[in-house]
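Enquirer: First the structure, then my questions, so here it is.
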Amino acid sequence: MDERYSRQTLFTPIGQSGQQKIRGKHVILVGAGALGSANAEALTRAGVGKLTIIDRDYVEASNLQRQQLYTEADVLEKLPKAEAAKNHLNQINKDVEIEALIIDATAVTLEEQLPDVSLIIDCTDNFETRMVINDLAQKYAIPWIYGACVGSVGMSFTIIPGKTPCLHCLMRTIPMQGVTCDTGGIISPAVQMVVAHQSAEALKILVEDWDAVKQSFTTFDLWRNEYQSFKVSKVKKSDCLSCGDAPTYPFLTPENATKTTVLCGRDTVQVRPPAQRNLKLDKLASDLAGGGYEVKGNPFLLSIEKNGERMVVFQDGRALIHGTKDLAHAKALYQRILG
């Protein structure tokens with residue numbers, strides 16, 4: 001397919017030389033939900049050399065309204081999002097190397113993936129993970145692109161270590177927490193607008209057109225027809241613990257790693273064991289079925305239900321406890337079933 005990238009290379013800022021640079025780059029997407037699936041498709045169609053997709057969740061019916069890569073078949077099979085994304089992306093562009101990692105994005109698991117990475121794109125739904133990305137990006141001098149959306153509101157900012165303020169700096173000045181998709185819902189056009197900003201910035205970085213990289217923090221509200229862009233260069237702090245003169249990378253310390261957390265937009269708690277496990281799902285399914293549990297699964301996870309309690313267990317030992325936001329209850333259920 002010699003013509004695959006013809007329209008992209010006709011765009012002067014990219015051209016043939018830019019296309020070759022894109023082909024030689026490795027991008028990590030942290031999160032494969034709404035932002036992640038759309039960014040993954042854009043980069044795959046653009047011809048990036050390698051795309052690593054990290055996600056801890058699986059496809060559910062409520063995702064289909066805005067998470068554009070997934071289908072009803074993915075829901076029925078309860079496929080992990082990273083694996084489902086890989087399946088669809090391989091059908092779009094077989095020349096792109098797609099790596100699907102069904103893991104929780106922690107300081108440890110993310111740091112293991114960073115060698116040879118050109119760019120990190122934030123497609124998560126929680127600030128704990130974003131702050132880990134921020135510290136790792138500063139530590140290893142890797143550009144990353146922040147993005148978030150809720151309701152009809154979205155925002156994006158490109159962070160270049162050593163040049164721009166980092167997310168830790170911005171949090172002192174720009175309010176970025178409060179309403180979540182749990183309380184405010186979300187419409188798909190807001191997702192697409194954030195992705196447009198993120199994927200455009202990604203292409204600028206991949207072709208190394210640094211002068212074109214956006215220097216401002218962008219936010220919009222599609223429903224209220226509002227669009228704002230803030231210059232934030234003066235927000236950079238020399239005493240910032242993440243990007244200042246003497247960084248300590250506070251969000252990479254073990255004490256800042258949450259083991260149990262409520263997932264955004266759902267009555268669901270994720271429980272992560274202190275150390276990663278390698279569960280034998282077939283044996284676990286057999287043992288639980290013998291104990292009266294209803295068990296369904298695939299090579300990546302098990303769905304377990306009994307007496308109205310439901311949980312999904314992944315091979316690495318993580319579990320999603322559905323129908324609750326009670327962290328103590330979720331942890332107790334995990335220990336009762338998995339020990």
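Ordering of the structure tokens sets the chain letters (A, B, ...), residue numbers begin anew at 1 in every chain, and ligands are numbered from 1 in the order given.
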Quick one: residues within 9 Å of A:Ile53, only C-alpha atoms, excluding same-chain residues fewer than 6 positions away - as a list in words?
Expert: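 Close residues of A:Ile53: Val27, Ile28, Leu29, Val30, Gly31, Ala32, Gly36, Ala40, Ala82, Glu83, Ala85, Lys86, Ile98, Glu99, Ala100, Leu101 and Ile102 of chain A.
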Enquirer: Store the residues picked out above, limited to N, CA and C atoms, as a CSV table (one decimal), in the first residue's frame.
Expert:
```csv
chain,number,residue,atom,x,y,z
A,27,VAL,N,5.5,5.0,20.8
A,27,VAL,CA,4.5,5.8,21.7
A,27,VAL,C,3.9,4.9,22.7
A,28,ILE,N,3.8,5.3,23.9
A,28,ILE,CA,3.0,4.6,24.9
A,28,ILE,C,1.7,5.4,25.2
A,29,LEU,N,0.6,4.6,25.1
A,29,LEU,CA,-0.7,5.2,25.5
A,29,LEU,C,-1.1,4.6,26.9
A,30,VAL,N,-1.3,5.4,27.9
A,30,VAL,CA,-1.7,4.9,29.2
A,30,VAL,C,-3.2,5.1,29.3
A,31,GLY,N,-3.9,4.0,29.2
A,31,GLY,CA,-5.4,4.0,29.2
A,31,GLY,C,-5.9,3.7,27.8
A,32,ALA,N,-6.9,2.8,27.7
A,32,ALA,CA,-7.4,2.5,26.4
A,32,ALA,C,-8.9,2.7,26.4
A,36,GLY,N,-8.0,6.9,24.9
A,36,GLY,CA,-7.0,6.0,24.4
A,36,GLY,C,-7.3,5.3,23.1
A,40,ALA,N,-5.2,5.8,19.8
A,40,ALA,CA,-4.6,4.6,19.3
A,40,ALA,C,-4.9,4.5,17.8
A,82,ALA,N,-7.1,-3.4,26.2
A,82,ALA,CA,-5.8,-3.3,25.5
A,82,ALA,C,-5.8,-4.4,24.4
A,83,GLU,N,-6.3,-5.6,24.7
A,83,GLU,CA,-6.3,-6.7,23.8
A,83,GLU,C,-7.3,-6.4,22.7
A,85,ALA,N,-8.4,-3.5,21.6
A,85,ALA,CA,-7.8,-2.5,20.8
A,85,ALA,C,-6.7,-3.0,19.8
A,86,LYS,N,-5.9,-3.9,20.3
A,86,LYS,CA,-4.9,-4.5,19.5
A,86,LYS,C,-5.5,-5.3,18.3
A,98,ILE,N,1.9,-3.4,17.5
A,98,ILE,CA,1.0,-3.1,18.6
A,98,ILE,C,1.3,-4.0,19.8
A,99,GLU,N,1.6,-3.4,20.9
A,99,GLU,CA,1.8,-4.2,22.1
A,99,GLU,C,0.7,-3.9,23.1
A,100,ALA,N,0.0,-4.9,23.6
A,100,ALA,CA,-1.1,-4.8,24.5
A,100,ALA,C,-0.7,-5.3,25.9
A,101,LEU,N,-0.7,-4.4,26.9
A,101,LEU,CA,-0.4,-4.8,28.2
A,101,LEU,C,-1.6,-4.6,29.2
A,102,ILE,N,-2.1,-5.8,29.7
A,102,ILE,CA,-3.2,-5.8,30.5
A,102,ILE,C,-2.8,-5.7,32.0
```
Enquirer: Find the residues near A:Phe230: any atom within 12 Å, counting only C-alpha atoms, skip ones fewer than 3 places away on the same chain, and give them as a PyMOL selection string.
Expert: chain A and resi 155-157+170+173-174+214-220+227+233-235
Enquirer: Would you export the selected residues with N, CA, C and O atoms as a PDB file, in the first residue's frame, please?
Expert:
```
ATOM      1  N   MET A 155      -9.763  19.290  28.187  1.00  0.00           N
ATOM      2  CA  MET A 155      -8.543  20.085  28.331  1.00  0.00           C
ATOM      3  C   MET A 155      -7.339  19.273  27.892  1.00  0.00           C
ATOM      4  O   MET A 155      -7.373  18.037  27.881  1.00  0.00           O
ATOM      5  N   SER A 156      -6.297  19.985  27.491  1.00  0.00           N
ATOM      6  CA  SER A 156      -5.088  19.317  27.014  1.00  0.00           C
ATOM      7  C   SER A 156      -3.889  20.230  27.209  1.00  0.00           C
ATOM      8  O   SER A 156      -4.012  21.457  27.149  1.00  0.00           O
ATOM      9  N   PHE A 157      -2.736  19.608  27.466  1.00  0.00           N
ATOM     10  CA  PHE A 157      -1.494  20.371  27.592  1.00  0.00           C
ATOM     11  C   PHE A 157      -0.315  19.462  27.253  1.00  0.00           C
ATOM     12  O   PHE A 157      -0.269  18.308  27.687  1.00  0.00           O
ATOM     13  N   LEU A 170       1.396  22.892  37.335  1.00  0.00           N
ATOM     14  CA  LEU A 170       0.083  23.395  36.915  1.00  0.00           C
ATOM     15  C   LEU A 170      -0.968  23.245  37.995  1.00  0.00           C
ATOM     16  O   LEU A 170      -1.865  24.081  38.134  1.00  0.00           O
ATOM     17  N   THR A 173      -1.870  26.123  40.175  1.00  0.00           N
ATOM     18  CA  THR A 173      -2.467  27.322  39.573  1.00  0.00           C
ATOM     19  C   THR A 173      -3.810  27.051  38.909  1.00  0.00           C
ATOM     20  O   THR A 173      -4.748  27.841  39.033  1.00  0.00           O
ATOM     21  N   ILE A 174      -3.911  25.931  38.183  1.00  0.00           N
ATOM     22  CA  ILE A 174      -5.095  25.643  37.390  1.00  0.00           C
ATOM     23  C   ILE A 174      -5.903  24.524  38.036  1.00  0.00           C
ATOM     24  O   ILE A 174      -5.384  23.419  38.222  1.00  0.00           O
ATOM     25  N   LYS A 214       2.363  23.260  20.871  1.00  0.00           N
ATOM     26  CA  LYS A 214       1.540  24.271  21.551  1.00  0.00           C
ATOM     27  C   LYS A 214       2.114  24.583  22.927  1.00  0.00           C
ATOM     28  O   LYS A 214       2.414  23.667  23.706  1.00  0.00           O
ATOM     29  N   GLN A 215       2.241  25.866  23.224  1.00  0.00           N
ATOM     30  CA  GLN A 215       2.848  26.300  24.478  1.00  0.00           C
ATOM     31  C   GLN A 215       1.814  26.643  25.551  1.00  0.00           C
ATOM     32  O   GLN A 215       2.176  27.027  26.656  1.00  0.00           O
ATOM     33  N   SER A 216       0.543  26.520  25.222  1.00  0.00           N
ATOM     34  CA  SER A 216      -0.489  26.949  26.157  1.00  0.00           C
ATOM     35  C   SER A 216      -1.356  25.779  26.627  1.00  0.00           C
ATOM     36  O   SER A 216      -1.408  24.727  26.002  1.00  0.00           O
ATOM     37  N   PHE A 217      -2.011  26.004  27.758  1.00  0.00           N
ATOM     38  CA  PHE A 217      -2.964  25.052  28.319  1.00  0.00           C
ATOM     39  C   PHE A 217      -4.333  25.352  27.698  1.00  0.00           C
ATOM     40  O   PHE A 217      -4.825  26.477  27.781  1.00  0.00           O
ATOM     41  N   THR A 218      -4.936  24.348  27.075  1.00  0.00           N
ATOM     42  CA  THR A 218      -6.180  24.550  26.335  1.00  0.00           C
ATOM     43  C   THR A 218      -7.348  23.896  27.057  1.00  0.00           C
ATOM     44  O   THR A 218      -7.246  22.766  27.529  1.00  0.00           O
ATOM     45  N   THR A 219      -8.443  24.621  27.139  1.00  0.00           N
ATOM     46  CA  THR A 219      -9.663  24.059  27.711  1.00  0.00           C
ATOM     47  C   THR A 219     -10.871  24.563  26.918  1.00  0.00           C
ATOM     48  O   THR A 219     -10.828  25.645  26.323  1.00  0.00           O
ATOM     49  N   PHE A 220     -11.929  23.769  26.881  1.00  0.00           N
ATOM     50  CA  PHE A 220     -13.114  24.137  26.109  1.00  0.00           C
ATOM     51  C   PHE A 220     -14.355  23.531  26.735  1.00  0.00           C
ATOM     52  O   PHE A 220     -14.276  22.591  27.528  1.00  0.00           O
ATOM     53  N   TYR A 227     -14.098  28.364  24.444  1.00  0.00           N
ATOM     54  CA  TYR A 227     -12.775  27.837  24.109  1.00  0.00           C
ATOM     55  C   TYR A 227     -11.744  28.807  24.671  1.00  0.00           C
ATOM     56  O   TYR A 227     -11.791  30.003  24.374  1.00  0.00           O
ATOM     57  N   SER A 233       3.788  29.542  30.803  1.00  0.00           N
ATOM     58  CA  SER A 233       5.238  29.423  30.962  1.00  0.00           C
ATOM     59  C   SER A 233       5.707  29.914  32.326  1.00  0.00           C
ATOM     60  O   SER A 233       6.654  29.365  32.906  1.00  0.00           O
ATOM     61  N   LYS A 234       5.056  30.940  32.886  1.00  0.00           N
ATOM     62  CA  LYS A 234       5.470  31.497  34.169  1.00  0.00           C
ATOM     63  C   LYS A 234       5.044  30.630  35.350  1.00  0.00           C
ATOM     64  O   LYS A 234       5.436  30.915  36.495  1.00  0.00           O
ATOM     65  N   VAL A 235       4.255  29.590  35.073  1.00  0.00           N
ATOM     66  CA  VAL A 235       3.804  28.705  36.148  1.00  0.00           C
ATOM     67  C   VAL A 235       4.905  27.751  36.581  1.00  0.00           C
ATOM     68  O   VAL A 235       4.881  27.198  37.682  1.00  0.00           O
TER      69      VAL A 235
END
```
Enquirer: How would you write, as an NGL selection string, the set of residues in stretch 15-238 of chain A that DSSP gives as helix (DSSP H, G or I)?
Expert: :A and (15-23 or 34-46 or 61-63 or 72-77 or 81-92 or 107-111 or 127-140 or 167-171 or 181-184 or 188-206 or 210-212 or 233-235)
Enquirer: Which residue, A:Ile304, A:Val75, A:Ile120, A:Leu51, has the smallest gap to A:Asp95 when you use only C-alpha atoms?
Expert: A:Leu51
Enquirer: Got a sec: who's within 10 Å of A:Asp282, counting only C-alpha atoms, leaving out chain neighbours fewer than 4 positions off, as a ChimeraX atom specification?
Expert: /A:286-287,297-299,301-302
Enquirer: Create the file for the chosen residues now, containing N, CA, C and O atoms and written as an mmCIF file, in the first residue's frame.
Expert:
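That gives us result_26.cif:
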```cif
data_model
loop_
_atom_site.group_PDB
_atom_site.id
_atom_site.type_symbol
_atom_site.label_atom_id
_atom_site.label_comp_id
_atom_site.auth_asym_id
_atom_site.auth_seq_id
_atom_site.Cartn_x
_atom_site.Cartn_y
_atom_site.Cartn_z
ATOM 1 N N SER A 286 -11.805 -23.648 38.025
ATOM 2 C CA SER A 286 -12.261 -24.966 38.473
ATOM 3 C C SER A 286 -12.509 -24.980 39.982
ATOM 4 O O SER A 286 -13.530 -25.494 40.455
ATOM 5 N N ASP A 287 -11.581 -24.395 40.750
ATOM 6 C CA ASP A 287 -11.729 -24.366 42.205
ATOM 7 C C ASP A 287 -12.959 -23.570 42.624
ATOM 8 O O ASP A 287 -13.716 -23.986 43.513
ATOM 9 N N GLY A 297 -15.182 -16.879 31.668
ATOM 10 C CA GLY A 297 -13.892 -16.259 31.447
ATOM 11 C C GLY A 297 -13.356 -16.407 30.046
ATOM 12 O O GLY A 297 -14.002 -16.963 29.150
ATOM 13 N N ASN A 298 -12.155 -15.907 29.871
ATOM 14 C CA ASN A 298 -11.406 -16.022 28.623
ATOM 15 C C ASN A 298 -9.932 -16.125 29.016
ATOM 16 O O ASN A 298 -9.617 -16.189 30.222
ATOM 17 N N PRO A 299 -9.007 -16.170 28.096
ATOM 18 C CA PRO A 299 -7.599 -16.334 28.485
ATOM 19 C C PRO A 299 -7.027 -15.199 29.329
ATOM 20 O O PRO A 299 -5.923 -15.344 29.872
ATOM 21 N N LEU A 301 -9.057 -13.143 31.769
ATOM 22 C CA LEU A 301 -9.744 -12.796 33.014
ATOM 23 C C LEU A 301 -10.836 -13.808 33.322
ATOM 24 O O LEU A 301 -11.251 -14.597 32.461
ATOM 25 N N LEU A 302 -11.305 -13.761 34.579
ATOM 26 C CA LEU A 302 -12.451 -14.553 35.012
ATOM 27 C C LEU A 302 -13.511 -13.623 35.593
ATOM 28 O O LEU A 302 -13.189 -12.693 36.334
#
```
Enquirer: Near A:Gly47, counting only C-alpha atoms, which residues have an atom at most 7 Å away, once you skip same-chain residues fewer than 3 positions from it, shown as a PyMOL selection string?
Expert: chain A and resi 22-23+43-44+96
Enquirer: Which residue is closest to A:Arg4? Choose from A:Glu305, A:Ile92, A:Lys81, A:Asn278 and count only C-alpha atoms.
Expert: A:Ile92
Enquirer: Would you please extract all strand (DSSP E or B) residues from stretch 90-120 of chain A, as assigned by DSSP on the backbone, and give them as a PyMOL selection string?
Expert: chain A and resi 97-102+119-120
Enquirer: Quick one: residues within 9 Å of A:Gln192, only C-alpha atoms, excluding same-chain residues fewer than 2 positions away - as number ranges by chain?
Expert: A: 34-35, 38, 66, 188-190, 194-197
Enquirer: May I have the residues within 12 Å of A:Cys166 as a VMD selection string, using only C-alpha atoms and disregarding those fewer than 5 positions away in the same chain?
Expert: chain A and resid 130 to 139 141 to 146 157 to 161 171 to 174 217 232 to 244 247 249
Enquirer: Mind checking which residues fall within 10 Å of A:Ala275, counting only C-alpha atoms, ignoring those fewer than 5 positions away in the same chain, and posting them as a PyMOL selection string?
Expert: chain A and resi 316-318
Enquirer: Using only C-alpha atoms, can you tell me which of A:Thr9, A:Ser152, A:Ser303, A:Asn63 comes closest to A:Trp223?
Expert: A:Ser152
Enquirer: Kindly give the distance, in Å, that separates atom CA of A:Gly308 and atom CA of A:His322, rounded to a single decimal.
Expert: 9.9 Å
Enquirer: Let me make sure I understand: among A:Pro254, A:Ala42, A:Thr106, A:Val313, which one has the smallest atom-to-atom distance to A:Ala200 if we use only C-alpha atoms?
Expert: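 Nearest candidate to A:Ala200 out of A:Pro254, A:Ala42, A:Thr106, A:Val313: A:Ala42.
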